[in-house]
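Below is the file run_27.cif, which contains mmCIF, C-alpha atoms.
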```
data_data
#
loop_
_atom_site.label_atom_id
_atom_site.label_comp_id
_atom_site.auth_asym_id
_atom_site.auth_seq_id
_atom_site.Cartn_x
_atom_site.Cartn_y
_atom_site.Cartn_z
CA MET A 1 -42.58 -66.01 68.45
CA SER A 2 -45.72 -64.52 70.00
CA ILE A 3 -45.92 -60.83 70.82
CA LYS A 4 -44.86 -60.21 74.41
CA ILE A 5 -45.17 -56.85 76.10
CA ASP A 6 -43.72 -56.46 79.56
CA VAL A 7 -45.94 -54.60 82.04
CA ARG A 8 -43.03 -52.24 82.71
CA ILE A 9 -42.99 -51.33 79.02
CA GLU A 10 -46.75 -50.77 79.01
CA LYS A 11 -46.27 -48.20 81.78
CA THR A 12 -43.27 -46.63 80.02
CA ALA A 13 -45.19 -46.35 76.74
CA ALA A 14 -48.14 -44.68 78.48
CA GLU A 15 -45.78 -42.14 80.06
CA ALA A 16 -44.09 -41.51 76.70
CA GLU A 17 -47.42 -40.98 74.93
CA SER A 18 -48.57 -38.56 77.60
CA GLY A 19 -45.42 -36.52 77.16
CA LEU A 20 -45.89 -36.48 73.38
CA ALA A 21 -49.46 -35.14 73.31
CA GLU A 22 -48.50 -31.69 72.02
CA LYS A 23 -45.97 -33.13 69.58
CA PHE A 24 -48.65 -35.41 68.12
CA LYS A 25 -50.94 -32.39 67.62
CA GLU A 26 -48.12 -30.67 65.74
CA ILE A 27 -47.62 -33.76 63.56
CA ASP A 28 -51.35 -33.91 62.79
CA GLU A 29 -51.32 -30.23 61.81
CA VAL A 30 -48.52 -30.85 59.31
CA ALA A 31 -50.39 -33.87 57.92
CA PHE A 32 -53.58 -31.83 57.47
CA TYR A 33 -51.69 -29.07 55.67
CA ASN A 34 -49.97 -31.53 53.35
CA GLN A 35 -53.19 -33.46 52.71
CA GLN A 36 -54.82 -30.24 51.53
CA LYS A 37 -51.87 -29.64 49.22
CA VAL A 38 -52.10 -33.12 47.71
CA LEU A 39 -55.88 -33.06 47.34
CA ARG A 40 -55.71 -29.65 45.65
CA ALA A 41 -53.22 -31.01 43.13
CA PHE A 42 -55.46 -33.97 42.32
CA ILE A 43 -58.45 -31.70 41.79
CA ASP A 44 -56.54 -29.06 39.82
CA ASN A 45 -55.20 -31.74 37.47
CA ARG A 46 -58.64 -33.34 36.99
CA VAL A 47 -57.63 -36.88 37.97
CA SER A 48 -60.04 -39.48 36.59
CA THR A 49 -60.28 -43.26 36.57
CA ALA A 50 -58.92 -43.16 33.01
CA ASP A 51 -55.58 -42.08 34.49
CA PHE A 52 -55.25 -45.52 36.08
CA ASN A 53 -55.47 -47.37 32.77
CA PRO A 54 -52.36 -49.45 31.99
CA THR A 55 -50.28 -48.90 28.88
CA THR A 56 -47.81 -51.26 27.22
CA GLY A 57 -45.08 -51.08 24.62
CA TYR A 58 -43.66 -47.62 24.06
CA GLY A 59 -46.19 -45.95 26.32
CA TYR A 60 -46.74 -42.97 24.07
CA ASP A 61 -49.59 -40.66 25.13
CA ASP A 62 -49.94 -42.21 28.57
CA GLY A 63 -52.16 -39.52 30.06
CA GLY A 64 -52.08 -40.99 33.55
CA ARG A 65 -48.28 -40.98 33.62
CA ASP A 66 -48.08 -37.39 32.42
CA THR A 67 -50.76 -36.18 34.83
CA LEU A 68 -48.95 -37.79 37.75
CA ASP A 69 -45.80 -35.91 36.76
CA ARG A 70 -47.76 -32.64 36.88
CA ILE A 71 -49.29 -33.51 40.25
CA TYR A 72 -45.87 -34.19 41.79
CA ALA A 73 -44.59 -30.91 40.37
CA GLN A 74 -47.47 -29.01 41.95
CA VAL A 75 -47.24 -30.76 45.30
CA PHE A 76 -43.49 -30.15 45.48
CA GLY A 77 -43.74 -26.55 44.30
CA ALA A 78 -41.55 -27.42 41.33
CA GLU A 79 -41.56 -26.55 37.64
CA ALA A 80 -41.60 -30.20 36.55
CA ALA A 81 -41.35 -33.77 37.83
CA LEU A 82 -40.56 -37.25 36.59
CA VAL A 83 -42.30 -40.16 38.37
CA ARG A 84 -41.54 -43.66 37.13
CA HIS A 85 -42.18 -47.16 38.41
CA ASN A 86 -39.00 -48.46 36.75
CA ILE A 87 -36.71 -46.37 38.92
CA VAL A 88 -35.64 -49.18 41.25
CA ASN A 89 -34.73 -47.26 44.43
CA GLY A 90 -33.57 -43.96 45.84
CA THR A 91 -29.94 -44.61 44.91
CA HIS A 92 -30.96 -45.20 41.29
CA CYS A 93 -32.93 -41.96 41.36
CA LEU A 94 -29.97 -40.00 42.70
CA ALA A 95 -27.64 -41.65 40.17
CA ILE A 96 -29.96 -40.46 37.39
CA ALA A 97 -29.77 -36.91 38.74
CA LEU A 98 -25.99 -36.93 39.11
CA PHE A 99 -25.21 -38.49 35.74
CA ALA A 100 -27.75 -36.15 34.10
CA VAL A 101 -26.07 -32.99 35.36
CA LEU A 102 -22.36 -33.79 35.62
CA ARG A 103 -19.86 -34.01 32.77
CA PRO A 104 -16.18 -35.05 32.53
CA GLY A 105 -13.99 -32.54 34.36
CA ASP A 106 -16.80 -31.32 36.62
CA THR A 107 -16.59 -31.55 40.41
CA LEU A 108 -19.38 -32.83 42.64
CA LEU A 109 -19.30 -31.27 46.11
CA ALA A 110 -21.08 -33.05 48.98
CA VAL A 111 -21.96 -30.35 51.51
CA THR A 112 -23.49 -32.43 54.32
CA GLY A 113 -20.57 -34.81 54.75
CA LYS A 114 -20.15 -38.13 53.00
CA PRO A 115 -23.33 -39.25 51.23
CA TYR A 116 -25.24 -42.39 52.14
CA ASP A 117 -23.29 -45.66 51.79
CA THR A 118 -24.99 -46.85 48.60
CA LEU A 119 -23.88 -43.72 46.72
CA GLU A 120 -20.20 -44.43 47.32
CA GLU A 121 -19.85 -46.70 44.29
CA VAL A 122 -22.03 -44.41 42.16
CA ILE A 123 -19.67 -41.51 42.86
CA GLY A 124 -16.52 -43.62 42.90
CA ILE A 125 -15.56 -43.06 46.53
CA SER A 126 -15.27 -46.84 46.80
CA GLY A 127 -15.46 -49.83 44.48
CA GLU A 128 -13.72 -50.58 41.23
CA GLY A 129 -15.34 -50.69 37.80
CA GLY A 130 -19.03 -50.39 37.12
CA GLY A 131 -18.98 -46.99 35.46
CA SER A 132 -18.88 -44.63 38.44
CA LEU A 133 -18.79 -40.86 38.06
CA ARG A 134 -15.08 -40.98 38.84
CA GLU A 135 -14.50 -43.30 35.88
CA PHE A 136 -16.20 -40.73 33.67
CA GLY A 137 -13.83 -38.03 34.87
CA VAL A 138 -16.07 -36.42 37.49
CA LYS A 139 -14.17 -35.29 40.59
CA TYR A 140 -15.51 -35.51 44.11
CA GLU A 141 -14.99 -33.28 47.14
CA GLN A 142 -16.88 -32.93 50.39
CA VAL A 143 -17.48 -30.51 53.24
CA ASP A 144 -18.04 -32.21 56.57
CA LEU A 145 -20.65 -31.10 59.04
CA ALA A 146 -19.52 -28.93 61.95
CA GLY A 147 -21.01 -30.13 65.20
CA GLY A 148 -23.62 -32.02 63.22
CA LYS A 149 -24.72 -28.90 61.34
CA PRO A 150 -24.00 -27.63 57.80
CA ASP A 151 -20.84 -25.52 57.80
CA LEU A 152 -21.92 -22.60 55.60
CA GLU A 153 -18.59 -20.78 55.65
CA ALA A 154 -16.67 -23.94 54.73
CA ILE A 155 -19.16 -24.60 51.92
CA LYS A 156 -18.60 -21.11 50.50
CA LYS A 157 -14.82 -21.60 50.57
CA ALA A 158 -15.11 -24.96 48.81
CA LEU A 159 -17.01 -23.55 45.82
CA HIS A 160 -14.19 -23.22 43.31
CA GLY A 161 -14.73 -22.80 39.57
CA GLY A 162 -14.86 -26.52 38.81
CA VAL A 163 -17.78 -27.28 41.11
CA LYS A 164 -20.76 -28.00 38.87
CA ALA A 165 -23.14 -29.44 41.46
CA VAL A 166 -23.61 -29.83 45.19
CA ILE A 167 -25.45 -32.70 46.83
CA ILE A 168 -27.32 -32.25 50.08
CA GLN A 169 -28.49 -35.28 52.06
CA ARG A 170 -31.60 -34.51 54.09
CA SER A 171 -31.72 -37.63 56.27
CA LYS A 172 -29.10 -38.71 58.77
CA GLY A 173 -28.49 -42.00 56.92
CA TYR A 174 -26.40 -44.22 59.17
CA ASP A 175 -24.86 -41.26 61.00
CA TRP A 176 -25.50 -40.16 64.57
CA ARG A 177 -26.65 -36.62 63.87
CA GLU A 178 -29.71 -34.49 63.31
CA SER A 179 -31.30 -34.66 59.91
CA VAL A 180 -31.19 -31.46 57.86
CA SER A 181 -34.37 -29.41 57.91
CA VAL A 182 -35.86 -27.73 54.85
CA ALA A 183 -34.95 -24.36 56.39
CA GLU A 184 -31.32 -25.47 56.73
CA ILE A 185 -31.35 -26.77 53.15
CA GLY A 186 -32.54 -23.32 52.08
CA GLU A 187 -29.66 -21.72 53.98
CA ILE A 188 -27.15 -24.04 52.26
CA ILE A 189 -28.58 -23.23 48.82
CA ALA A 190 -28.59 -19.49 49.55
CA ALA A 191 -24.92 -19.72 50.60
CA VAL A 192 -24.07 -21.59 47.40
CA ARG A 193 -25.96 -19.09 45.23
CA GLN A 194 -24.14 -16.21 46.94
CA VAL A 195 -20.75 -17.53 45.79
CA LYS A 196 -21.54 -19.48 42.62
CA PRO A 197 -25.10 -18.92 41.37
CA ASP A 198 -24.89 -21.42 38.48
CA THR A 199 -24.17 -24.40 40.75
CA VAL A 200 -26.80 -27.15 40.48
CA CYS A 201 -28.22 -27.95 43.91
CA ILE A 202 -29.37 -31.57 44.23
CA VAL A 203 -31.15 -32.88 47.32
CA ASP A 204 -31.43 -36.48 48.47
CA ASN A 205 -34.98 -36.17 49.82
CA CYS A 206 -35.38 -39.81 50.90
CA TYR A 207 -37.30 -40.27 54.18
CA GLY A 208 -38.15 -36.56 54.32
CA GLU A 209 -41.22 -36.00 52.14
CA PHE A 210 -44.27 -34.60 53.99
CA VAL A 211 -42.53 -34.53 57.38
CA GLU A 212 -42.56 -30.74 57.12
CA LYS A 213 -44.97 -28.36 55.40
CA THR A 214 -42.49 -27.49 52.65
CA GLU A 215 -40.11 -29.46 50.43
CA PRO A 216 -36.55 -28.58 49.36
CA THR A 217 -37.80 -27.56 45.91
CA GLU A 218 -39.59 -24.71 47.67
CA ALA A 219 -36.20 -23.71 49.12
CA ASP A 220 -34.75 -23.27 45.59
CA ALA A 221 -33.31 -26.78 45.10
CA ASP A 222 -32.75 -27.50 41.42
CA LEU A 223 -33.46 -31.23 41.72
CA VAL A 224 -34.82 -33.42 44.51
CA ALA A 225 -34.95 -37.18 44.34
CA GLY A 226 -36.66 -39.88 46.33
CA SER A 227 -38.09 -43.39 46.42
CA LEU A 228 -41.76 -44.31 46.12
CA ILE A 229 -41.40 -47.18 48.61
CA LYS A 230 -40.54 -44.56 51.19
CA ASN A 231 -42.70 -41.57 52.13
CA PRO A 232 -44.40 -40.43 48.89
CA GLY A 233 -45.62 -43.90 47.94
CA GLY A 234 -47.81 -44.00 51.04
CA GLY A 235 -47.30 -47.73 51.48
CA LEU A 236 -49.21 -48.48 48.27
CA ALA A 237 -46.71 -47.81 45.49
CA GLN A 238 -45.13 -51.15 44.63
CA THR A 239 -41.87 -49.69 43.37
CA GLY A 240 -40.50 -46.55 41.73
CA GLY A 241 -38.91 -43.17 42.27
CA TYR A 242 -39.35 -39.50 41.44
CA LEU A 243 -37.35 -36.42 40.55
CA ALA A 244 -38.75 -32.90 40.84
CA GLY A 245 -37.32 -29.44 40.33
CA LYS A 246 -36.42 -26.96 37.63
CA ALA A 247 -37.79 -28.01 34.22
CA LYS A 248 -34.35 -27.88 32.59
CA TYR A 249 -32.84 -30.36 35.03
CA VAL A 250 -35.88 -32.64 35.13
CA GLU A 251 -35.66 -32.90 31.33
CA MET A 252 -31.96 -33.76 31.59
CA ALA A 253 -32.84 -36.43 34.14
CA ALA A 254 -35.53 -37.82 31.84
CA TYR A 255 -32.97 -38.04 29.02
CA ARG A 256 -30.68 -39.96 31.35
CA GLN A 257 -33.47 -42.25 32.57
CA THR A 258 -34.41 -43.22 29.00
CA CYS A 259 -32.27 -41.60 26.30
CA PRO A 260 -31.67 -38.21 24.65
CA GLY A 261 -34.46 -37.19 22.31
CA ILE A 262 -37.06 -39.38 24.04
CA GLY A 263 -36.89 -38.51 27.73
CA ALA A 264 -40.29 -38.52 29.44
CA GLU A 265 -42.27 -39.15 26.24
CA CYS A 266 -41.94 -42.94 26.50
CA GLY A 267 -42.42 -45.48 29.24
CA ALA A 268 -45.37 -47.84 29.60
CA THR A 269 -46.89 -47.81 33.08
CA LEU A 270 -48.01 -51.48 33.03
CA GLY A 271 -50.86 -50.96 35.50
CA GLN A 272 -48.76 -49.22 38.19
CA ASN A 273 -50.47 -45.83 37.95
CA ARG A 274 -53.27 -46.43 40.44
CA PHE A 275 -50.85 -47.58 43.14
CA MET A 276 -48.71 -44.49 42.64
CA TYR A 277 -51.68 -42.12 42.60
CA GLN A 278 -53.37 -43.64 45.63
CA GLY A 279 -50.06 -43.92 47.46
CA LEU A 280 -49.36 -40.23 46.98
CA PHE A 281 -52.87 -39.41 48.18
CA MET A 282 -52.30 -41.49 51.33
CA ALA A 283 -48.74 -40.23 51.89
CA PRO A 284 -49.38 -37.27 54.25
CA HIS A 285 -51.34 -39.53 56.61
CA ALA A 286 -48.90 -42.46 56.32
CA VAL A 287 -45.95 -40.17 57.02
CA ALA A 288 -47.70 -38.74 60.09
CA GLN A 289 -48.19 -42.27 61.41
CA ALA A 290 -44.50 -42.98 60.88
CA VAL A 291 -43.38 -39.74 62.55
CA LYS A 292 -45.56 -40.47 65.58
CA ALA A 293 -44.12 -43.98 65.77
CA ALA A 294 -40.58 -42.59 65.63
CA ALA A 295 -41.32 -40.11 68.43
CA LEU A 296 -42.87 -42.87 70.56
CA CYS A 297 -39.85 -45.10 69.99
CA GLY A 298 -37.59 -42.26 71.09
CA GLY A 299 -39.75 -41.62 74.15
CA ILE A 300 -39.79 -45.24 75.27
CA MET A 301 -36.12 -45.96 74.64
CA GLU A 302 -34.96 -42.74 76.30
CA ARG A 303 -36.94 -43.64 79.39
CA LEU A 304 -35.20 -47.02 79.39
CA GLY A 305 -31.85 -45.24 79.58
CA TYR A 306 -30.76 -45.33 75.93
CA GLU A 307 -29.49 -42.35 73.99
CA VAL A 308 -31.81 -41.46 71.11
CA ASN A 309 -31.57 -39.11 68.14
CA PRO A 310 -33.69 -37.09 67.73
CA ARG A 311 -35.03 -36.82 71.24
CA PRO A 312 -38.82 -37.25 71.55
CA LEU A 313 -39.74 -33.56 71.47
CA ASP A 314 -37.09 -32.43 69.00
CA ARG A 315 -38.04 -31.12 65.58
CA ARG A 316 -37.99 -33.76 62.85
CA SER A 317 -37.15 -33.56 59.17
CA ASP A 318 -37.41 -37.26 58.36
CA ILE A 319 -39.08 -40.41 59.67
CA ILE A 320 -35.93 -41.99 61.11
CA GLN A 321 -35.42 -42.67 64.81
CA ALA A 322 -31.90 -43.64 65.89
CA VAL A 323 -31.34 -45.55 69.14
CA LYS A 324 -27.84 -46.13 70.47
CA LEU A 325 -27.95 -49.63 71.96
CA GLY A 326 -24.22 -49.87 72.62
CA ASP A 327 -24.05 -53.64 72.33
CA GLU A 328 -24.20 -55.92 69.27
CA LYS A 329 -26.37 -58.55 70.99
CA LYS A 330 -28.90 -55.93 72.07
CA LEU A 331 -28.92 -54.44 68.58
CA VAL A 332 -29.60 -57.79 66.93
CA LYS A 333 -32.22 -58.68 69.55
CA PHE A 334 -34.11 -55.40 69.07
CA ILE A 335 -34.19 -55.69 65.29
CA GLN A 336 -35.19 -59.36 65.39
CA ALA A 337 -38.04 -58.43 67.73
CA ILE A 338 -39.29 -55.75 65.29
CA GLN A 339 -39.39 -58.45 62.60
CA SER A 340 -41.26 -60.89 64.83
CA ALA A 341 -43.98 -58.28 65.45
CA SER A 342 -44.44 -57.55 61.74
CA PRO A 343 -47.51 -58.56 59.71
CA VAL A 344 -45.45 -60.26 56.98
CA ASP A 345 -42.65 -62.81 57.50
CA SER A 346 -42.91 -62.51 61.26
CA TYR A 347 -41.36 -65.99 61.55
CA ALA A 348 -38.19 -64.93 59.70
CA LEU A 349 -35.03 -64.30 61.73
CA PRO A 350 -32.96 -61.37 60.42
CA LEU A 351 -29.20 -61.89 60.62
CA PRO A 352 -26.27 -59.61 59.73
CA TRP A 353 -25.14 -60.06 56.12
CA ASP A 354 -22.98 -58.47 53.43
CA MET A 355 -25.65 -56.32 51.82
CA PRO A 356 -24.71 -54.88 48.39
CA GLY A 357 -23.63 -51.24 48.54
CA TYR A 358 -22.70 -51.18 52.24
CA ARG A 359 -19.23 -51.19 53.81
CA HIS A 360 -20.24 -53.11 56.94
CA GLN A 361 -22.54 -56.03 57.47
CA VAL A 362 -26.13 -54.88 57.86
CA ILE A 363 -29.05 -56.39 59.75
CA MET A 364 -32.51 -55.41 58.58
CA ALA A 365 -36.04 -56.08 59.79
CA ALA A 366 -38.62 -55.49 57.07
CA GLY A 367 -41.78 -57.53 57.52
CA THR A 368 -43.51 -55.44 54.88
CA PHE A 369 -46.25 -55.86 52.29
CA VAL A 370 -44.01 -54.17 49.70
CA SER A 371 -40.55 -55.71 49.88
CA GLY A 372 -38.16 -53.40 51.73
CA ALA A 373 -40.63 -50.52 51.94
CA SER A 374 -39.27 -48.06 54.50
CA ILE A 375 -42.59 -46.27 54.97
CA GLU A 376 -43.79 -49.53 56.48
CA LEU A 377 -42.24 -50.39 59.84
CA SER A 378 -38.62 -51.40 59.42
CA ALA A 379 -35.43 -51.30 61.44
CA ASP A 380 -31.88 -51.73 60.29
CA ALA A 381 -28.31 -51.12 61.36
CA PRO A 382 -24.71 -51.50 60.27
CA ILE A 383 -22.88 -53.92 62.53
CA LYS A 384 -20.36 -51.54 64.01
CA PRO A 385 -19.88 -49.66 67.31
CA PRO A 386 -21.70 -47.93 68.94
CA TYR A 387 -24.38 -50.29 67.57
CA VAL A 388 -27.08 -47.83 66.59
CA CYS A 389 -30.47 -49.04 65.39
CA PHE A 390 -32.27 -46.93 62.79
CA MET A 391 -36.03 -47.46 62.94
CA GLN A 392 -38.50 -45.90 60.53
CA GLY A 393 -41.99 -46.21 59.15
CA GLY A 394 -45.28 -47.67 60.31
CA LEU A 395 -48.39 -47.75 58.15
CA THR A 396 -50.47 -47.37 61.29
CA TYR A 397 -49.33 -45.87 64.56
CA GLU A 398 -51.06 -48.64 66.48
CA SER A 399 -49.22 -51.50 64.75
CA ALA A 400 -45.90 -49.68 65.07
CA LYS A 401 -46.56 -49.07 68.77
CA ILE A 402 -47.13 -52.78 69.35
CA ALA A 403 -43.90 -53.68 67.57
CA ILE A 404 -41.86 -51.05 69.43
CA MET A 405 -43.24 -52.17 72.80
CA HIS A 406 -42.49 -55.79 71.90
CA ALA A 407 -38.92 -54.92 70.89
CA ALA A 408 -38.35 -52.87 74.04
CA SER A 409 -39.70 -55.76 76.11
CA ALA A 410 -37.24 -58.12 74.42
CA LEU A 411 -34.39 -56.00 75.78
CA LEU A 412 -35.70 -56.52 79.32
CA ASP A 413 -35.65 -60.33 79.03
CA GLY A 414 -33.09 -61.77 81.38
CA GLU A 415 -32.63 -58.56 83.36
#
```

Representation of the structure as structure tokens:
Amino acid sequence: MSIKIDVRIEKTAAEAESGLAEKFKEIDEVAFYNQQKVLRAFIDNRVSTADFNPTTGYGYDDGGRDTLDRIYAQVFGAEAALVRHNIVNGTHCLAIALFAVLRPGDTLLAVTGKPYDTLEEVIGISGEGGGSLREFGVKYEQVDLAGGKPDLEAIKKALHGGVKAVIIQRSKGYDWRESVSVAEIGEIIAAVRQVKPDTVCIVDNCYGEFVEKTEPTEADADLVAGSLIKNPGGGLAQTGGYLAGKAKYVEMAAYRQTCPGIGAECGATLGQNRFMYQGLFMAPHAVAQAVKAAALCGGIMERLGYEVNPRPLDRRSDIIQAVKLGDEKKLVKFIQAIQSASPVDSYALPLPWDMPGYRHQVIMAAGTFVSGASIELSADAPIKPPYVCFMQGGLTYESAKIAIMHAASALLDGE
């Protein structure tokens, strides 16, 4: 399918861009601030070409690996960090954090409603077998959002003596709500500390890194976790994940990721270091491109009469743009059009399927250089009413703009 952009969409996009001029300046300011922070960390930690050298076997004394850990810790304002290419995705990273901290008889309290779908089997909310937290005797409770916002009073009341850890999800996931800002995460953590200071506060930071000037670790989170094929990998990391936070909990996570007594001391990098270093260096710019693309998508689709979340000028705490299409055929058509305007596998036709870890069929467009990388332009949705598309990413604003205009034009076909 060739790229087709309706003249009506060209006009709509121009209007949307004009209305976003001040928002784009704000996004650029955040990117500049975060780029300074990243560059300072590289310089302070004396990064050299030797840090990119591959190691094999046990990976003892891998200086590049250890330096990257220190850089992440500095960038995130944390005591320590663990960055590894063999963490397979964000869910794996969060599972490491949860299993590291929780013990039989403990209670995990989700304080921003039910966590993302793929964590359900990790926690034991759904699924049978597989070694979930529930099977290991860890209890689960949750506090739902109130009007889409964290319910601080309800969180305080839920903090009984058995609660060992709380989990805060920064992004909206597949929910129709605002994502949680770093300031709001700080308010949640302060409320938790007020009632039960020893509670471990864990943040699912996926999709949120570098969207704001600060990270949840700077709001007193004990552990944050995320995927390198999302924001912090900058589109260059080929795989991997990170954990950052208090040194005690990062060490516990390292023991869980490898084994007690070894932790972060082992782990060959197999030539992945340069991609992870360069990806982190590029991340503030790549994230800014993605945030601009999300705002443009919201601006275009709102002008076409669709409900969007967040709205174009709203504050953003992640790179996700939700569009309520209200019709399964429109949803599928929009996502297929995003795929057809992608640089890789443009000829592929995404279809709904039973994707592992999800309760509903999911359709996903991901014509990406790194398979499934959400910092590159992608769009996905569970097949359920009200048929909301979740679009994120875009290595360049220009390429994302073309794809969004093409997808919006596809919705006009036949009208």

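The nearest approach to Arg303 (chain A) among the residues A:Ala14, A:Val83, A:Leu119, A:Ala225, with all atoms listed in the file taken into account, belongs to A:Ala14.
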
ask   = Can you list, as a PyMOL selection string, every protein, DNA or RNA residue that comes within 6 Å of Val388 (chain A) when you count only C-alpha atoms, leaving out same-chain residues fewer than 6 positions away?
value = chain A and resi 323-325

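Our summary of the geometry notes that CA of Arg177 (chain A) is positioned 24.7 Å from CA of Pro284 (chain A).
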
query = Could you pull the residues within 9 Å of Ala97 (chain A), counting all atoms listed in the file, minus those fewer than 4 positions along the same chain, as a PyMOL selection string?
reply = chain A and resi 92-93+101-102+202+223-225+243+249-250+252-253+256-257

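CA of Tyr58 (chain A) to CA of Cys259 (chain A) spans 13.1 Å [interatomic distance, one decimal].
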
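Between CA of Arg359 (chain A) and CA of Ala403 (chain A) lies a distance of 28.4 Å.
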
With 5 Å on each side, where is the centre of the axis-aligned box around all listed atoms of region 96-113 of chain A, and how long are its edges in Å to one decimal, as AutoDock Vina command-line options?
```
--center_x -22.0 --center_y -35.4 --center_z 43.6 --size_x 26.0 --size_y 20.1 --size_z 32.2
```
